[in-house]
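Heads up, query_21.csv below (CSV, C-alpha atoms and all ligand atoms):
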```
chain,number,residue,atom,x,y,z
W,1,MET,CA,22.3,-17.4,16.6
W,2,ALA,CA,25.4,-18.4,18.5
W,3,SER,CA,27.8,-21.0,17.2
W,4,ARG,CA,26.8,-23.7,19.7
W,5,GLU,CA,25.1,-26.5,17.8
W,6,ARG,CA,22.0,-26.5,20.0
W,7,PRO,CA,21.8,-23.0,21.3
W,8,LEU,CA,20.5,-22.7,24.9
W,9,ILE,CA,17.7,-20.1,25.2
W,10,GLY,CA,16.6,-18.8,28.6
W,11,LEU,CA,12.9,-18.2,29.1
W,12,THR,CA,11.9,-15.9,32.0
W,13,GLY,CA,9.2,-13.6,33.2
W,14,GLY,CA,7.5,-12.5,36.3
W,15,VAL,CA,5.2,-14.7,38.3
W,16,ALA,CA,2.0,-15.3,36.2
W,17,SER,CA,3.3,-13.4,33.3
W,18,GLY,CA,2.7,-16.5,31.1
W,19,LYS,CA,6.0,-18.3,31.1
W,20,SER,CA,4.5,-21.8,31.5
W,21,THR,CA,1.9,-21.0,28.8
W,22,ALA,CA,4.7,-19.8,26.5
W,23,ALA,CA,6.9,-22.8,27.3
W,24,ARG,CA,4.0,-25.2,26.5
W,25,ALA,CA,3.6,-23.4,23.1
W,26,PHE,CA,7.3,-24.0,22.4
W,27,GLU,CA,7.0,-27.6,23.5
W,28,ALA,CA,4.0,-28.1,21.2
W,29,LEU,CA,6.1,-26.9,18.2
W,30,ARG,CA,9.2,-28.7,19.2
W,31,PRO,CA,8.6,-31.7,21.6
W,32,GLY,CA,11.5,-32.2,24.0
W,33,CYS,CA,12.9,-28.7,23.6
W,34,ARG,CA,12.2,-27.6,27.1
W,35,VAL,CA,14.1,-28.1,30.4
W,36,ASP,CA,11.8,-27.2,33.2
W,37,ALA,CA,13.0,-25.4,36.3
W,38,ASP,CA,10.3,-27.0,38.5
W,39,ALA,CA,11.4,-30.4,37.5
W,40,ALA,CA,15.0,-29.4,38.3
W,41,ALA,CA,14.0,-28.0,41.7
W,42,ARG,CA,12.4,-31.3,42.6
W,43,ALA,CA,15.2,-33.5,41.2
W,44,VAL,CA,18.0,-31.8,43.2
W,45,VAL,CA,16.3,-32.6,46.5
W,46,GLU,CA,15.1,-36.2,45.7
W,47,PRO,CA,15.7,-38.6,48.6
W,48,GLY,CA,19.3,-39.7,48.6
W,49,SER,CA,20.5,-36.7,46.7
W,50,GLU,CA,23.5,-34.5,47.7
W,51,GLY,CA,21.2,-31.5,47.5
W,52,LEU,CA,18.8,-32.9,50.1
W,53,ALA,CA,21.7,-33.9,52.4
W,54,ALA,CA,23.0,-30.3,52.2
W,55,VAL,CA,19.6,-28.8,53.0
W,56,VAL,CA,19.1,-31.1,56.0
W,57,ALA,CA,22.7,-30.5,57.2
W,58,HIS,CA,22.0,-26.8,57.1
W,59,PHE,CA,18.4,-26.5,58.2
W,60,GLY,CA,18.0,-29.6,60.4
W,61,PRO,CA,15.9,-32.7,60.1
W,62,GLY,CA,12.8,-30.6,60.8
W,63,VAL,CA,12.6,-29.9,57.0
W,64,LEU,CA,12.0,-33.7,56.3
W,65,GLY,CA,8.6,-35.2,56.2
W,66,GLY,CA,7.8,-38.6,57.7
W,67,ASP,CA,8.5,-40.2,54.4
W,68,GLY,CA,12.0,-38.9,54.2
W,69,ARG,CA,11.2,-36.4,51.5
W,70,LEU,CA,11.8,-32.7,51.7
W,71,ASP,CA,8.8,-31.1,53.4
W,72,ARG,CA,8.6,-28.0,51.1
W,73,ALA,CA,6.0,-26.3,53.2
W,74,ALA,CA,8.1,-26.6,56.4
W,75,LEU,CA,11.2,-25.3,54.5
W,76,ARG,CA,9.2,-22.4,53.1
W,77,GLN,CA,8.0,-21.5,56.5
W,78,ARG,CA,11.5,-21.7,57.8
W,79,VAL,CA,12.9,-19.2,55.3
W,80,PHE,CA,9.7,-17.1,54.8
W,81,ALA,CA,10.6,-14.2,57.1
W,82,ASP,CA,14.3,-14.7,57.1
W,83,ALA,CA,16.1,-13.2,54.1
W,84,ALA,CA,19.5,-14.6,55.2
W,85,ALA,CA,18.2,-18.1,55.5
W,86,ARG,CA,16.6,-17.8,52.1
W,87,LYS,CA,19.9,-16.6,50.6
W,88,ARG,CA,21.7,-19.6,52.1
W,89,LEU,CA,19.0,-22.0,50.8
W,90,GLU,CA,19.4,-20.4,47.3
W,91,ALA,CA,23.2,-20.8,47.5
W,92,LEU,CA,22.7,-24.5,48.2
W,93,LEU,CA,20.2,-25.2,45.6
W,94,HIS,CA,20.7,-22.8,42.6
W,95,PRO,CA,24.1,-24.2,41.5
W,96,ARG,CA,22.6,-27.7,41.7
W,97,ILE,CA,19.5,-26.7,39.7
W,98,ARG,CA,21.7,-25.0,37.1
W,99,ALA,CA,23.9,-28.1,36.7
W,100,TRP,CA,20.9,-30.4,36.5
W,101,MET,CA,19.3,-28.2,33.8
W,102,LEU,CA,22.5,-28.0,31.7
W,103,ALA,CA,22.9,-31.8,31.9
W,104,GLN,CA,19.4,-32.2,30.7
W,105,ALA,CA,20.0,-29.7,27.9
W,106,GLU,CA,23.0,-31.8,26.7
W,107,ALA,CA,20.7,-34.7,26.1
W,108,ALA,CA,18.2,-32.7,24.0
W,109,THR,CA,18.0,-33.4,20.3
W,110,THR,CA,16.0,-30.3,19.2
W,111,PRO,CA,17.5,-27.4,17.2
W,112,TYR,CA,17.5,-25.3,20.3
W,113,VAL,CA,16.9,-26.0,24.0
W,114,LEU,CA,14.6,-23.8,26.0
W,115,LEU,CA,15.6,-23.4,29.7
W,116,ASP,CA,12.8,-22.3,31.8
W,117,ILE,CA,14.4,-19.9,34.4
W,118,PRO,CA,11.7,-18.1,36.4
W,119,LEU,CA,14.2,-16.2,38.6
W,120,LEU,CA,16.8,-15.3,35.9
W,121,ALA,CA,16.7,-11.6,36.7
W,122,GLU,CA,16.8,-12.2,40.5
W,123,GLY,CA,19.5,-14.9,40.3
W,124,GLY,CA,22.4,-13.0,38.8
W,125,GLY,CA,21.1,-12.4,35.3
W,126,ARG,CA,23.3,-13.1,32.3
W,127,ALA,CA,26.4,-13.4,34.5
W,128,ALA,CA,25.0,-16.5,36.2
W,129,TRP,CA,24.0,-18.0,32.9
W,130,PRO,CA,26.8,-17.1,30.5
W,131,MET,CA,26.0,-20.2,28.4
W,132,LEU,CA,22.7,-18.7,27.2
W,133,ALA,CA,22.7,-17.7,23.5
W,134,ARG,CA,19.5,-15.7,24.0
W,135,ILE,CA,17.1,-14.6,26.7
W,136,VAL,CA,13.4,-14.4,26.0
W,137,VAL,CA,11.3,-12.4,28.4
W,138,VAL,CA,7.5,-13.0,28.7
W,139,ASP,CA,6.1,-9.6,29.5
W,140,ALA,CA,2.6,-8.5,30.6
W,141,PRO,CA,1.4,-5.3,32.2
W,142,VAL,CA,1.5,-5.6,36.0
W,143,ALA,CA,-2.3,-5.2,36.3
W,144,LEU,CA,-2.8,-8.2,34.0
W,145,GLN,CA,-0.1,-10.2,35.7
W,146,GLU,CA,-1.8,-9.5,39.1
W,147,ALA,CA,-5.3,-10.5,37.8
W,148,ARG,CA,-3.9,-13.8,36.3
W,149,LEU,CA,-2.0,-14.6,39.5
W,150,ILE,CA,-5.2,-14.0,41.6
W,151,ALA,CA,-7.3,-16.2,39.3
W,152,ARG,CA,-4.7,-19.0,39.0
W,153,ASP,CA,-3.7,-19.3,42.6
W,154,GLY,CA,-6.9,-18.2,44.3
W,155,ILE,CA,-5.1,-15.6,46.4
W,156,ASP,CA,-6.1,-12.2,47.6
W,157,PRO,CA,-5.1,-9.0,45.7
W,158,ALA,CA,-2.8,-7.9,48.6
W,159,LEU,CA,-0.7,-11.1,48.5
W,160,ALA,CA,-0.6,-11.0,44.7
W,161,ALA,CA,0.7,-7.4,44.8
W,162,HIS,CA,3.3,-8.4,47.4
W,163,MET,CA,4.5,-11.4,45.4
W,164,ILE,CA,5.0,-9.2,42.3
W,165,ALA,CA,6.7,-6.4,44.3
W,166,ALA,CA,9.1,-9.0,45.8
W,167,GLN,CA,10.4,-9.9,42.3
W,168,ALA,CA,12.6,-7.9,39.9
W,169,SER,CA,10.7,-5.1,38.2
W,170,ARG,CA,9.4,-5.4,34.7
W,171,ALA,CA,12.1,-3.0,33.5
W,172,GLU,CA,14.9,-4.9,35.1
W,173,ARG,CA,13.7,-8.1,33.4
W,174,LEU,CA,13.2,-6.4,30.0
W,175,ALA,CA,16.8,-5.1,30.2
W,176,LEU,CA,18.0,-8.7,29.9
W,177,ALA,CA,15.8,-9.5,26.9
W,178,ASP,CA,17.1,-10.4,23.5
W,179,ASP,CA,13.5,-11.2,22.6
W,180,VAL,CA,10.2,-10.2,24.2
W,181,LEU,CA,7.0,-12.2,24.1
W,182,VAL,CA,4.2,-9.7,24.8
W,183,ASN,CA,1.4,-11.6,26.6
W,184,ARG,CA,-1.5,-9.2,26.8
W,185,GLY,CA,-3.8,-10.8,24.3
W,186,SER,CA,-5.3,-14.3,24.1
W,187,PRO,CA,-3.3,-17.5,24.6
W,188,ALA,CA,-3.7,-18.1,20.9
W,189,GLU,CA,-2.0,-14.8,20.2
W,190,LEU,CA,0.8,-15.8,22.5
W,191,ALA,CA,1.2,-19.1,20.7
W,192,ALA,CA,1.4,-17.3,17.4
W,193,ALA,CA,4.1,-15.0,18.8
W,194,VAL,CA,6.0,-18.1,19.9
W,195,ALA,CA,5.8,-19.6,16.5
W,196,ARG,CA,6.9,-16.4,14.8
W,197,LEU,CA,9.9,-16.1,17.2
W,198,GLU,CA,11.0,-19.6,16.7
W,199,GLY,CA,10.7,-19.3,12.9
W,200,HIS,CA,12.9,-16.3,13.1
W,201,TRP,CA,15.5,-18.2,15.2
W,202,LEU,CA,15.5,-21.1,12.9
W,203,ARG,CA,15.7,-19.1,9.7
W,204,ASP,CA,18.6,-17.1,11.2
W,205,ALA,CA,20.4,-20.3,12.1
W,206,GLN,CA,20.4,-21.5,8.5
W,207,PRO,CA,23.6,-20.9,6.6
W,208,PRO,CA,23.0,-18.4,3.7
L,301,LIG,P1,3.8,-18.3,34.8
L,301,LIG,O1,4.3,-19.6,34.4
L,301,LIG,O2,4.6,-17.1,34.3
L,301,LIG,O3,3.7,-18.1,36.3
L,301,LIG,P2,1.3,-19.1,33.6
L,301,LIG,O4,1.7,-19.5,32.3
L,301,LIG,O5,1.0,-20.1,34.6
L,301,LIG,O6,2.4,-18.0,34.2
L,301,LIG,O7,0.1,-18.1,33.5
L,301,LIG,C1,-0.6,-17.5,34.6
L,301,LIG,C2,-2.1,-17.7,34.5
L,301,LIG,O8,-2.5,-16.9,33.4
L,301,LIG,C3,-2.4,-19.1,34.1
L,301,LIG,O9,-3.6,-19.5,34.7
L,301,LIG,C4,-2.6,-19.1,32.6
L,301,LIG,O10,-3.5,-20.0,32.1
L,301,LIG,C5,-3.2,-17.7,32.4
L,301,LIG,N1,-2.7,-17.1,31.1
L,301,LIG,C6,-1.5,-17.0,30.6
L,301,LIG,N2,-1.5,-16.3,29.4
L,301,LIG,C7,-2.8,-16.0,29.2
L,301,LIG,C8,-3.4,-15.2,28.2
L,301,LIG,N3,-2.7,-14.7,27.1
L,301,LIG,N4,-4.7,-15.0,28.3
L,301,LIG,C9,-5.4,-15.5,29.3
L,301,LIG,N5,-4.9,-16.2,30.4
L,301,LIG,C10,-3.6,-16.4,30.3
```
Would you mind giving the structure from this file in C-alpha cells?
Amino acid sequence: MASRERPLIGLTGGVASGKSTAARAFEALRPGCRVDADAAARAVVEPGSEGLAAVVAHFGPGVLGGDGRLDRAALRQRVFADAAARKRLEALLHPRIRAWMLAQAEAATTPYVLLDIPLLAEGGGRAAWPMLARIVVVDAPVALQEARLIARDGIDPALAAHMIAAQASRAERLALADDVLVNRGSPAELAAAVARLEGHWLRDAQPP
C-alpha cells in the first residue's frame, strides 16, 4: 500500500456492474470509508454554489427550476445530443466534483478511503486521479450488466445496450485495475470478495 496514511482507493465499473453494491459492502465493513460521487455531483451544484453559477452562466437560466435549483432533466436534455456541450459541462463540473471528493476524503478517519468514481476510465483514468493508491474495478460480463441495468432501471434492452456501448469498454476499464472484484455470482459472494480484498489491503499495510 502507498505511503499515504489513509490511502485513497478508487472504485469504478460500468453502469450496473455492481459498484454501488460493492461500495455498500465496504461501507458495512468500515463505516465512513466511502466518498460518494453522486453526493459530490449534487453538492457542487447546490443553490449558491460556484458550480451552479458556472453552469447557469454557460447554459442559461433555462437549466434552473422554479425553486432555483438545477433542473437536472432540463440540463440532461440540453446536452443529450450535443457532445460538445456535454464536454463543456464535464469541464465545468468534474474538477469541482474531484475537489469536493478529496476534501471529504481528508476528513475520513478510516484506514483507507474509498472514492466512488463511476467514470474513472472515461474521465482521464489514472492521469486525472494521480492521488489514488489503488484502483478497484467491479467487473461483470456485459450480458449480466445489461440484464441488471434493465431490471434496475426498468428500461428496454436497446437503451441498456446503448448506455453500455457509450461507456469505456470492459477491457479499457480492466486495464486500469490494481484489483478486480468479479461480480457474476450472488451479492453475498460479492460481499465476501470485498471482505477478502480489504483484508488483503489491511494486512499489507501492517509493518512486518
Ligand atoms: P452500479 O452502481 O455499478 O450502477 P448497482 O450496484 O446499482 O450497479 O447494481 C446494479 C443492479 O444489479 C442493482 O439493482 C443491484 O441490486 C443488482 N446487483 C448487483 N450485484 C448483484 C449480484 N451479484 N447479484 C444480483 N444482483 C446484483
Quiz item: In terms of the shortest atom-to-atom distance over all atoms listed in the file, which of W:Ala99, W:Val194, W:Leu174, W:Ile150 is closest to ligand LIG 301 (chain L)?
Solution: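 Looking only at the distances to ligand LIG 301 (chain L), the closest residue turns out to be W:Ile150.
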Self-check item: Coordinates-based distance that separates atom CA of W:Leu197 from atom C1 of ligand LIG 301 (chain L) (Å, one decimal)
Solution: 20.4 Å
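Counting only C-alpha atoms and comparing W:Gly62, W:Pro118, W:Gly154, W:Gly124, the residue that lies closest to W:Gly13 is W:Pro118.
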Practice problem: Could I get the residue neighbourhood of ligand LIG 301 (chain L) at 6 Å, counting only C-alpha atoms and all ligand atoms, as a VMD selection string? | Solution: chain W and resid 13 to 21 148 to 149 152 183 to 187 190
Quiz prompt | Separation of atom CA of W:Leu70 from atom CA of W:Ala22, in Å and rounded to one decimal | solution = 29.2 Å
Counting all atoms listed in the file, which residues in stretch 72-160 of chain W sit no more than 10 Å from stretch 28-43 of chain W? For each one, give the nearest pair of atoms and the distance in Å, sorted by chain then residue number, as CSV.
```
residue,atom,partner,partner_atom,distance
W:Arg72,CA,W:Arg42,CA,9.9
W:Leu93,CA,W:Ala41,CA,7.8
W:His94,CA,W:Ala41,CA,8.5
W:Arg96,CA,W:Ala40,CA,8.5
W:Ile97,CA,W:Ala40,CA,5.4
W:Arg98,CA,W:Ala40,CA,8.1
W:Ala99,CA,W:Ala40,CA,9.1
W:Trp100,CA,W:Ala40,CA,6.2
W:Met101,CA,W:Val35,CA,6.2
W:Leu102,CA,W:Val35,CA,8.5
W:Ala103,CA,W:Val35,CA,9.7
W:Gln104,CA,W:Val35,CA,6.7
W:Ala105,CA,W:Val35,CA,6.6
W:Ala107,CA,W:Gly32,CA,9.8
W:Ala108,CA,W:Cys33,CA,6.7
W:Thr109,CA,W:Gly32,CA,7.6
W:Thr110,CA,W:Cys33,CA,5.6
W:Pro111,CA,W:Cys33,CA,8.0
W:Tyr112,CA,W:Cys33,CA,6.6
W:Val113,CA,W:Cys33,CA,4.8
W:Leu114,CA,W:Arg34,CA,4.6
W:Leu115,CA,W:Val35,CA,5.0
W:Asp116,CA,W:Asp36,CA,5.2
W:Ile117,CA,W:Ala37,CA,6.0
W:Pro118,CA,W:Ala37,CA,7.4
W:Leu119,CA,W:Ala37,CA,9.6
```
Practice problem: Quick one: pull the distance between atom CA of W:Val137 and atom CA of W:Ser169, Å, one decimal. | Solution: 12.2 Å
Self-check item: Who sits within 9 Å of W:Val136, only C-alpha atoms, same chain under 5 positions skipped, as a VMD selection string
Solution: chain W and resid 9 to 13 174 176 to 181
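Nearest to W:Val45 of all the residues W:Pro141, W:Pro7, W:Gly199, W:Gly68 is W:Gly68, based on all atoms listed in the file.
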Self-check item: Residue with smallest distance to W:Ala143 - pool W:Ala160, W:Ala81, W:Ala128, W:Leu89, counting only C-alpha atoms
Solution: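 Among the listed residues, the smallest separation from W:Ala143 belongs to W:Ala160.
Excluding W:Glu172 and any residue on its chain fewer than 6 positions from it, the residues at most 10 Å away by all atoms listed in the file are Ala121, Glu122 and Gly125 of chain W.
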Stretch 74-78 of chain W surroundings by all atoms listed in the file, 10 Å radius, close-in-sequence under 3 positions cut, as an mmCIF file with C-alpha atoms, in the frame of the given file:
```
data_model
loop_
_atom_site.group_PDB
_atom_site.id
_atom_site.type_symbol
_atom_site.label_atom_id
_atom_site.label_comp_id
_atom_site.auth_asym_id
_atom_site.auth_seq_id
_atom_site.Cartn_x
_atom_site.Cartn_y
_atom_site.Cartn_z
ATOM 1 C CA VAL W 55 19.600 -28.800 53.000
ATOM 2 C CA VAL W 56 19.100 -31.100 56.000
ATOM 3 C CA PHE W 59 18.400 -26.500 58.200
ATOM 4 C CA GLY W 60 18.000 -29.600 60.400
ATOM 5 C CA GLY W 62 12.800 -30.600 60.800
ATOM 6 C CA VAL W 63 12.600 -29.900 57.000
ATOM 7 C CA LEU W 64 12.000 -33.700 56.300
ATOM 8 C CA GLY W 65 8.600 -35.200 56.200
ATOM 9 C CA LEU W 70 11.800 -32.700 51.700
ATOM 10 C CA ASP W 71 8.800 -31.100 53.400
ATOM 11 C CA ALA W 81 10.600 -14.200 57.100
ATOM 12 C CA ASP W 82 14.300 -14.700 57.100
ATOM 13 C CA ALA W 85 18.200 -18.100 55.500
ATOM 14 C CA ARG W 86 16.600 -17.800 52.100
ATOM 15 C CA LEU W 89 19.000 -22.000 50.800
#
```
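The closest residue to W:Ala175, picked from W:Ile135, W:Leu8, W:Ala191, W:Ala54 and counting only C-alpha atoms, is W:Ile135.
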Self-check item: Best match for closeness to W:Gln167 among W:Ala127, W:Leu120, W:Leu132, W:Ala84, counting all atoms listed in the file
Solution: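 Result for the nearest residue to W:Gln167: W:Leu120.
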